[in-house]
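Chemist: Here you go, upload28.pdb (PDB, C-alpha atoms):
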```
MODEL        1
ATOM      1  CA  MET K  55     -42.616  -2.562   2.393
ATOM      2  CA  MET K  56     -43.141  -0.554  -0.750
ATOM      3  CA  PRO K  57     -44.646  -2.304  -3.796
ATOM      4  CA  LYS K  58     -42.219  -3.013  -6.622
ATOM      5  CA  GLY K  59     -42.087  -0.233  -9.185
ATOM      6  CA  LYS K  60     -43.221   2.515  -6.766
ATOM      7  CA  ARG K  61     -40.669   5.102  -5.671
ATOM      8  CA  LEU K  62     -40.784   7.874  -3.146
ATOM      9  CA  LYS K  63     -40.478  11.283  -4.703
ATOM     10  CA  SER K  64     -37.459  13.285  -3.519
ATOM     11  CA  SER K  65     -38.239  16.596  -1.889
ATOM     12  CA  GLU K  66     -37.075  19.829  -3.441
ATOM     13  CA  ARG K  67     -34.820  20.366  -0.430
ATOM     14  CA  ARG K  68     -33.115  16.985  -0.939
ATOM     15  CA  ILE K  69     -32.682  17.595  -4.685
ATOM     16  CA  ALA K  70     -31.088  20.989  -3.986
ATOM     17  CA  ALA K  71     -28.738  19.431  -1.408
ATOM     18  CA  ASN K  72     -27.739  16.688  -3.857
ATOM     19  CA  ARG K  73     -26.954  19.270  -6.533
ATOM     20  CA  ARG K  74     -24.842  21.341  -4.098
ATOM     21  CA  ASN K  75     -22.922  18.247  -3.038
ATOM     22  CA  ALA K  76     -22.355  17.228  -6.652
ATOM     23  CA  LEU K  77     -20.810  20.612  -7.371
ATOM     24  CA  LEU K  78     -18.413  20.181  -4.455
ATOM     25  CA  SER K  79     -17.295  16.643  -5.320
ATOM     26  CA  SER K  80     -16.746  16.860  -9.050
ATOM     27  CA  GLY K  81     -12.959  16.753  -8.845
ATOM     28  CA  PRO K  82     -10.333  19.335  -9.768
ATOM     29  CA  ARG K  83     -11.289  22.030 -12.237
ATOM     30  CA  THR K  84      -8.022  23.860 -12.862
ATOM     31  CA  ALA K  85      -5.340  22.583 -15.208
ATOM     32  CA  ALA K  86      -2.868  22.399 -12.311
ATOM     33  CA  GLY K  87      -5.303  20.387 -10.198
ATOM     34  CA  LYS K  88      -6.073  18.012 -13.046
ATOM     35  CA  ALA K  89      -2.349  17.544 -13.739
ATOM     36  CA  ARG K  90      -1.700  16.794 -10.064
ATOM     37  CA  VAL K  91      -4.407  14.133  -9.721
ATOM     38  CA  SER K  92      -3.534  12.555 -13.056
ATOM     39  CA  GLN K  93      -0.309  11.369 -11.425
ATOM     40  CA  ASN K  94      -2.027   9.673  -8.449
ATOM     41  CA  ALA K  95      -1.915   6.234 -10.049
ATOM     42  CA  LEU K  96       1.801   6.641 -10.754
ATOM     43  CA  ARG K  97       2.783   7.333  -7.151
ATOM     44  CA  HIS K  98       4.187   3.857  -6.511
ATOM     45  CA  GLY K  99       3.267   1.848  -9.632
ATOM     46  CA  LEU K 100       1.815  -1.076  -7.692
ATOM     47  CA  ALA K 101      -1.385  -1.103  -9.728
ATOM     48  CA  VAL K 102       0.638  -1.973 -12.845
ATOM     49  CA  SER K 103       1.174  -5.660 -13.523
ATOM     50  CA  VAL K 104       4.730  -6.966 -13.202
ATOM     51  CA  LEU K 105       4.190  -8.493 -16.643
ATOM     52  CA  LYS K 106       4.381  -5.017 -18.231
ATOM     53  CA  ASP K 107       8.137  -5.042 -17.590
ATOM     54  CA  SER K 108       9.771  -7.525 -19.981
ATOM     55  CA  ARG K 109      12.586  -8.353 -17.553
ATOM     56  CA  MET K 110      10.126  -9.043 -14.741
ATOM     57  CA  ALA K 111       7.868 -11.031 -17.093
ATOM     58  CA  ALA K 112      10.816 -13.299 -17.906
ATOM     59  CA  GLU K 113      11.511 -13.782 -14.184
ATOM     60  CA  VAL K 114       7.835 -14.581 -13.554
ATOM     61  CA  GLU K 115       7.908 -17.155 -16.338
ATOM     62  CA  ALA K 116      11.104 -18.720 -14.999
ATOM     63  CA  LEU K 117       9.638 -19.005 -11.498
ATOM     64  CA  ALA K 118       6.409 -20.486 -12.879
ATOM     65  CA  ARG K 119       8.361 -23.089 -14.865
ATOM     66  CA  SER K 120      10.320 -24.020 -11.752
ATOM     67  CA  LEU K 121       7.039 -24.679  -9.916
ATOM     68  CA  VAL K 122       5.383 -27.065 -12.392
ATOM     69  CA  ASP K 123       5.973 -29.052 -15.551
ATOM     70  CA  GLN K 124       4.609 -27.938 -18.935
ATOM     71  CA  ASP K 125       0.968 -28.881 -18.225
ATOM     72  CA  ASP K 126      -1.050 -25.892 -19.525
ATOM     73  CA  GLU K 127      -3.641 -25.929 -16.722
ATOM     74  CA  LEU K 128      -0.946 -26.094 -14.084
ATOM     75  CA  MET K 129       1.203 -23.440 -15.800
ATOM     76  CA  ALA K 130      -1.654 -20.933 -15.746
ATOM     77  CA  GLN K 131      -1.902 -21.252 -11.963
ATOM     78  CA  ALA K 132       1.880 -21.294 -11.564
ATOM     79  CA  ARG K 133       2.117 -17.999 -13.474
ATOM     80  CA  ILE K 134      -0.444 -16.408 -11.164
ATOM     81  CA  ILE K 135       1.505 -17.690  -8.153
ATOM     82  CA  ALA K 136       4.787 -16.327  -9.529
ATOM     83  CA  GLU K 137       3.246 -12.986 -10.453
ATOM     84  CA  SER K 138       1.714 -12.689  -6.967
ATOM     85  CA  GLU K 139       5.075 -13.451  -5.355
ATOM     86  CA  PHE K 140       6.731 -10.677  -7.361
ATOM     87  CA  ASP K 141       3.867  -8.303  -6.517
ATOM     88  CA  LEU K 142       4.281  -9.041  -2.811
ATOM     89  CA  GLU K 143       8.009  -8.360  -3.065
ATOM     90  CA  ARG K 144       7.381  -5.025  -4.835
ATOM     91  CA  ILE K 145       4.869  -4.025  -2.151
ATOM     92  CA  ARG K 146       7.320  -4.881   0.631
ATOM     93  CA  GLN K 147      10.040  -2.869  -1.103
ATOM     94  CA  ALA K 148       7.669   0.095  -1.489
ATOM     95  CA  SER K 149       6.804  -0.084   2.223
ATOM     96  CA  VAL K 150      10.448  -0.172   3.302
ATOM     97  CA  SER K 151      11.314   2.661   0.920
ATOM     98  CA  LEU K 152       8.444   4.757   2.268
ATOM     99  CA  ILE K 153       9.512   4.200   5.869
ATOM    100  CA  ASN K 154      13.167   4.981   5.121
ATOM    101  CA  SER K 155      12.337   8.160   3.212
ATOM    102  CA  ARG K 156      10.080   9.489   5.990
ATOM    103  CA  LEU K 157      12.632   8.703   8.707
ATOM    104  CA  ALA K 158      15.344  10.392   6.635
ATOM    105  CA  LEU K 159      13.198  13.537   6.523
ATOM    106  CA  VAL K 160      12.820  13.512  10.308
ATOM    107  CA  THR K 161      16.516  12.988  10.986
ATOM    108  CA  SER K 162      17.514  15.807   8.644
ATOM    109  CA  GLY K 163      15.370  18.354  10.571
ATOM    110  CA  ASP K 164      16.592  20.722  13.292
ATOM    111  CA  LEU K 165      16.481  19.401  16.861
ATOM    112  CA  GLN K 166      14.248  21.258  19.288
ATOM    113  CA  LYS K 167      13.694  20.218  22.888
ATOM    114  CA  ASP K 168      10.565  18.152  23.495
ATOM    115  CA  PRO K 169       8.134  19.967  25.833
ATOM    116  CA  THR K 170       7.861  16.817  27.978
ATOM    117  CA  GLY K 171      11.546  17.158  28.818
ATOM    118  CA  GLY K 172      12.767  14.025  27.099
ATOM    119  CA  LEU K 173      12.721  12.185  23.831
ATOM    120  CA  LEU K 174      12.288   8.472  23.312
ATOM    121  CA  ASP K 175      14.706   6.625  21.123
ATOM    122  CA  LEU K 176      13.499   4.011  18.660
ATOM    123  CA  CYS K 177      13.982   1.365  21.366
ATOM    124  CA  GLY K 178      11.758   3.288  23.773
ATOM    125  CA  GLU K 179      14.480   4.502  26.162
ATOM    126  CA  THR K 180      14.664   8.082  27.408
ATOM    127  CA  ARG K 181      18.134   9.549  27.149
ATOM    128  CA  CYS K 182      18.610  12.885  28.898
ATOM    129  CA  GLY K 183      16.064  14.795  26.809
ATOM    130  CA  GLU K 184      17.233  13.559  23.434
ATOM    131  CA  THR K 185      17.042  10.578  21.144
ATOM    132  CA  ARG K 186      19.742   8.837  19.194
ATOM    133  CA  LEU K 187      18.957   6.728  16.180
ATOM    134  CA  VAL K 188      19.923   3.149  16.940
ATOM    135  CA  GLY K 189      22.850   2.073  14.782
ATOM    136  CA  SER K 190      23.560   5.631  13.678
ATOM    137  CA  LYS K 191      27.215   6.517  13.026
ATOM    138  CA  THR K 192      26.561  10.214  13.488
ATOM    139  CA  ASP K 193      24.928  11.817  16.472
ATOM    140  CA  ASP K 194      21.445  11.981  14.866
ATOM    141  CA  ARG K 195      18.761  13.103  17.290
ATOM    142  CA  ILE K 196      15.009  13.024  16.750
ATOM    143  CA  GLN K 197      12.394  15.049  18.567
ATOM    144  CA  SER K 198       9.501  12.808  19.623
ATOM    145  CA  GLU K 199       6.730  15.091  18.354
ATOM    146  CA  PRO K 200       7.916  15.201  14.703
ATOM    147  CA  LEU K 201       8.647  11.481  14.883
ATOM    148  CA  GLY K 202       5.105  10.859  16.142
ATOM    149  CA  GLU K 203       3.636  12.963  13.344
ATOM    150  CA  VAL K 204       5.661  11.021  10.792
ATOM    151  CA  MET K 205       4.531   7.729  12.304
ATOM    152  CA  VAL K 206       0.867   8.776  12.048
ATOM    153  CA  GLU K 207       1.403   9.814   8.426
ATOM    154  CA  LEU K 208       3.257   6.565   7.751
ATOM    155  CA  SER K 209       0.483   4.440   9.214
ATOM    156  CA  SER K 210      -2.005   6.105   6.880
ATOM    157  CA  GLU K 211       0.196   5.596   3.827
ATOM    158  CA  LEU K 212       1.155   2.050   4.793
ATOM    159  CA  SER K 213      -2.528   1.156   5.158
ATOM    160  CA  LYS K 214      -3.000   2.225   1.535
ATOM    161  CA  LEU K 215      -0.194  -0.111   0.498
ATOM    162  CA  ALA K 216      -1.802  -2.879   2.550
ATOM    163  CA  ARG K 217      -4.671  -2.917   0.044
ATOM    164  CA  TYR K 218      -2.274  -4.057  -2.660
ATOM    165  CA  GLU K 219      -0.674  -6.590  -0.330
ATOM    166  CA  TYR K 220      -4.039  -8.077   0.604
ATOM    167  CA  ARG K 221      -5.039  -8.357  -3.054
ATOM    168  CA  ALA K 222      -1.771 -10.030  -4.063
ATOM    169  CA  GLY K 223      -1.909 -12.377  -1.087
ATOM    170  CA  SER K 224      -5.472 -13.388  -1.906
ATOM    171  CA  ARG K 225      -4.531 -14.073  -5.540
ATOM    172  CA  LEU K 226      -1.597 -16.150  -4.359
ATOM    173  CA  ILE K 227      -3.704 -18.291  -2.008
ATOM    174  CA  ARG K 228      -6.464 -18.789  -4.596
ATOM    175  CA  ALA K 229      -3.952 -19.836  -7.249
ATOM    176  CA  MET K 230      -2.123 -22.165  -4.872
ATOM    177  CA  ASN K 231      -5.408 -23.800  -3.835
ATOM    178  CA  GLU K 232      -6.405 -24.226  -7.475
ATOM    179  CA  LEU K 233      -2.991 -25.685  -8.325
ATOM    180  CA  LEU K 234      -3.218 -28.123  -5.422
ATOM    181  CA  LYS K 235      -6.742 -29.090  -6.476
ATOM    182  CA  LEU K 236      -5.581 -29.728 -10.046
ATOM    183  CA  GLN K 237      -2.734 -31.856  -8.708
ATOM    184  CA  GLY K 238      -5.145 -33.820  -6.497
ATOM    185  CA  HIS K 239      -4.061 -32.396  -3.129
ATOM    186  CA  SER K 240      -6.150 -30.730  -0.429
ATOM    187  CA  SER K 241      -6.426 -26.921  -0.273
ATOM    188  CA  LEU K 242      -4.481 -24.538   1.941
ATOM    189  CA  GLN K 243      -6.208 -22.990   4.926
ATOM    190  CA  ARG K 244      -6.562 -19.207   5.105
TER     191      ARG K 244
ENDMDL
END
```
What is this structure when it is put down as structure tokens?
Modeler:
Amino acid sequence: MMPKGKRLKSSERRIAANRRNALLSSGPRTAAGKARVSQNALRHGLAVSVLKDSRMAAEVEALARSLVDQDDELMAQARIIAESEFDLERIRQASVSLINSRLALVTSGDLQKDPTGGLLDLCGETRCGETRLVGSKTDDRIQSEPLGEVMVELSSELSKLARYEYRAGSRLIRAMNELLKLQGHSSLQR
């Protein structure tokens, strides 16, 4: 173990590598690139509190008031619970919207025969080399390869949304446990 206050000196080779890496990872440099990444946080708006929207803030307050009486300590936790519930609903809506938009893109594409000779429908049944969307009024057909690519892309994007869902769910459970504690009840189990 190295004594406190002593540091190993970096080699010239390591310093040069660090400088090269820093040049590569410094973000966009062009105006177009900077404009594109500046909109990343606005993609779905889930990082913004529901309280920023006055209509939603009123709904959060109404839900909080329906949960507890006017006790200030209890109201603070009830507001967090209500806000978390609305956040979870927004996240679920964003997930459904994302799935629907990606599936709409697949169904609007041209049909080409799957090299395996058949396509699987959304229920997993092979139907003579083609797939029909379940519940579809028109004769929509999906090739399995593009559908698979969309599903892989969707899983990646849905996992990003899961971060927001986990955070909102954790806030909800913490606030509910605190509310129960303040009311003299035992905590919820995770």
Chemist: Using only C-alpha atoms, find all polymer residues with an atom at most 12 Å away from the point (9.5, -19.3, -16.3); report them as a PyMOL selection string.
Modeler: chain K and resi 109-124+129-130+132-137
Chemist: In Å, how far is it from CA of Ala89 in chain K to CA of Lys214 in chain K?
Modeler: 21.6 Å
Chemist: Can you work out which one of K:Asp141, K:Glu66, K:Glu127, K:Glu203 has the shortest atom-to-atom distance to Arg156 in chain K, counting only C-alpha atoms?
Modeler: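 Going through K:Asp141, K:Glu66, K:Glu127, K:Glu203 one by one, the smallest distance to Arg156 in chain K is for K:Glu203.
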Chemist: Do you have the CA of Leu142 in chain K-CA of Ser92 in chain K distance handy?
Modeler: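 We find that CA of Leu142 in chain K and CA of Ser92 in chain K lie 25.1 Å from each other.
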Chemist: Which polymer residues, protein or nucleic acid, are no farther than 10 Å from (-3.0, -6.8, -12.8), counting all atoms listed in the file, as a VMD selection string?
Modeler: chain K and resid 100 to 106 137 to 138 141 222
Chemist: So what do you get for CA of Arg225 in chain K versus CA of Arg146 in chain K, distance-wise?
Modeler: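 Taking CA of Arg225 in chain K and CA of Arg146 in chain K, their separation equals 16.2 Å.
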Chemist: From the list K:Ser65, K:Ser162, K:Ser155, K:Gln147, which residue is nearest Leu208 in chain K when using all atoms listed in the file?
Modeler: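 Of K:Ser65, K:Ser162, K:Ser155, K:Gln147, the one nearest Leu208 in chain K, counting all atoms listed in the file, is K:Ser155.
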Chemist: Would you mind telling me which residue in K:Leu128, K:Arg217, K:Leu159, K:Ser64 lies nearest to Leu233 in chain K when using all atoms listed in the file?
Modeler: K:Leu128
Chemist: Given only C-alpha atoms as the basis, pick out the residue of K:Gln131, K:Leu78, K:Ser149, K:Ala86 nearest to Asn231 in chain K.
Modeler: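 Looking only at the distances to Asn231 in chain K, the closest residue turns out to be K:Gln131.
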